[in-house]
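Report on one structure; see the data block that follows.
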Amino acid sequence: MEPKPKHSIMVMVGENHRTAPIELRERLSISKEGRAAEIAKLAETLQAEELVVLSTCNRFEIYAVGDATLQERILLWMSGRGGISLEELKQSVYHSQDQEALKHLVRVAAGLDSMVVGEAQIFGQVKEAYQEAMDVKTVGRILGKVFHRTISLVKKVRHQTALDKWPVSVSSIALDRAEERLGSLNDKKVLVLGSGKISALTVKRLSSEGTEFIWIANRTYEKAVELAKEASARAVPWESLQEHLAMADLVIVSTGASSYVVSAEMLEKAAQRRENRLQMVIDLAMPRNVDPAAKRISSVVLEDIQDLNDMALANAQKREKEARRAEEMIEQVLSTQKIFTVANLEPLTQLTAVYN
């Protein structure tokens with residue numbers, strides 16, 4: 001009798017921010033430097049016919065094609081790399097194969113499995129992981145079709161929903177609100193008070209989007225200098241605060257102070273020097289760093305962390321609603337059509353047919 005043809009399966013084994021501590025994810029991760037060579041070596045080590053590795057700050061996942069024992073080999077490799085017993089590892093990993101692995105990949109790429117539901121960055125990371133595997137030729141007929149069609153479906157899902165339309169971080173909402181009031185921030189003068197995480201995120205986005213005039217003030221001048229080096233910004237002494245308040249169109253405050261660092265009087269003096277041109281002040285600190293009495297100044301628009309948190313909550317609810325729509329779209333495609341069978345890949349071409 002002729003031997004039966006070998007039946008390959010697609011498996012996915014991974015850990016993410018919900019299932020494993022950051023220390024373990026760090027040990028498993030594959031850094032960008034030298035990643036291509038490591039992926040090629042890993043495919044050989046695992047005896048995988050095809051392999052794609054998705055390694056981000058919040059997840060580590062292996063998508064591979066091989067025989068029925070491939071999943072166990074992946075677990076053994078993860079155990080060794082993570083310095084953790086196989087029994088302990090199995091408590092934090094998740095795994096699936098064929099159709100369920102495909103469904104997981106689509107949900108991941110759509111941002112439905114992310115820490116912030118609907119975030120768009122993961123889609124780019126999935127495409128990058130696929131390209132890296134293509135470059136070292138660890139993608140073949142099966143993963144090639146799976147990733148190509150996944151990317152096509154996710155593009156349609158994101159186009160037909162508003163998953164990433166509603167920002168949920170206060171720094172993003174703050175800048176969106178500023179643009180609503182002031183117009184483009186590219187030619188506006190922006191003063192950032194504080195050098196912590198929120199300030200850093202704010203400065204990074206402002207710089208990346210082309211804002212030319214960014215001043216950073218911090219009680220410890222050296223910290224302002226350090227943050228300014230990371231972007232197209234300029235550190236200014238805390239002692240010049242009143243002067244820069246008068247020049248800034250947008251003031252973003254997020255210091256660790258336990259009381260007001262910007263008084264209503266300071267903003268009133270600034271308004272007079274600005275000849276009452278519109279100024280927006282956003283207080284991202286808790287406790288608040290800007291005296292709320294400044295709201296009485298006609299040319300000043302002051303919003304604080306509570307205002308923005310309310311918006312973030314409302315936006316999160318809108319995202320959840322859009323996420324449910326996306327889940328329904330994906331479920332319809334993946335459950336009503338037999339789009340993934342390793343023995344017969346032809347139905348995979350139907351992956352996006354419902355939403356053409």
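Each chain in the structure tokens gets a letter, A, B, ..., in the order shown, and its residues are numbered from 1; ligands are numbered from 1 in order too.
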Could you pull the residues within 10 Å of A:Ala37, counting only C-alpha atoms, minus those fewer than 5 positions along the same chain, as a list of chain:residue names?
A:Leu42, A:Glu132, A:Val136
Grab the residues selected above and save them as a JSON list (two decimals), in the first residue's frame with N, CA and C atoms.
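The result, stored in part38.json:
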[["chain", "number", "residue", "atom", "x", "y", "z"],
["A", 42, "LEU", "N", 14.94, 29.44, 13.97],
["A", 42, "LEU", "CA", 13.86, 28.85, 14.75],
["A", 42, "LEU", "C", 13.03, 27.89, 13.91],
["A", 132, "GLU", "N", 8.72, 40.04, 7.43],
["A", 132, "GLU", "CA", 10.00, 39.52, 7.92],
["A", 132, "GLU", "C", 10.14, 38.03, 7.59],
["A", 136, "VAL", "N", 12.86, 35.94, 4.86],
["A", 136, "VAL", "CA", 13.77, 34.81, 5.13],
["A", 136, "VAL", "C", 13.19, 33.49, 4.61]]
Would you write out, as a Markdown table, a table of all residues in stretch 130-236 of chain A that have an atom no more than 9 Å from an atom of stretch 279-294 of chain A, listing for each the closest atom pair and the distance in Å to one decimal, considering only C-alpha atoms and ordering rows by chain and rising residue number?
| residue | atom | partner | partner_atom | distance |
| --- | --- | --- | --- | --- |
| A:Val170 | CA | A:Leu284 | CA | 7.6 |
| A:Ser171 | CA | A:Leu284 | CA | 7.8 |
| A:Ala174 | CA | A:Ile282 | CA | 6.8 |
| A:Ala178 | CA | A:Met280 | CA | 6.8 |
| A:Arg181 | CA | A:Met280 | CA | 7.8 |
| A:Leu182 | CA | A:Met280 | CA | 7.9 |
| A:Ile198 | CA | A:Leu284 | CA | 8.0 |
| A:Ser199 | CA | A:Leu284 | CA | 8.9 |
Using only C-alpha atoms for the distances, tell me which of A:Ser85, A:Thr45, A:Ser29, A:Thr161 is nearest to A:Arg325.
A:Thr161
Give me the residues near A:Ser298 as an NGL selection string, where near means some atom within 8 Å (using only C-alpha atoms) and where sequence neighbours in that chain fewer than 3 positions away do not count.
:A and (276 or 295 or 301)
Which of stretch 247-322 of chain A DSSP labels strand (DSSP E or B), written as a ChimeraX atom specification
/A:250-253,262,279-283,290,300-304
When you look at A:Tyr94 with a cut-off of 7 Å (counting only C-alpha atoms), what residues show up, excluding the ones that are within fewer than 6 positions of it in the same chain? I need them as a list of chain:residue names.
A:Val13, A:Gly14, A:Glu15
Would you save the residues from that selection as a PDB file, in the first residue's frame, using C-alpha atoms?
ATOM      1  CA  VAL A  13       1.001  29.208  20.353  1.00  0.00           C
ATOM      2  CA  GLY A  14       1.368  32.440  22.299  1.00  0.00           C
ATOM      3  CA  GLU A  15       1.336  34.550  25.424  1.00  0.00           C
TER       4      GLU A  15
END
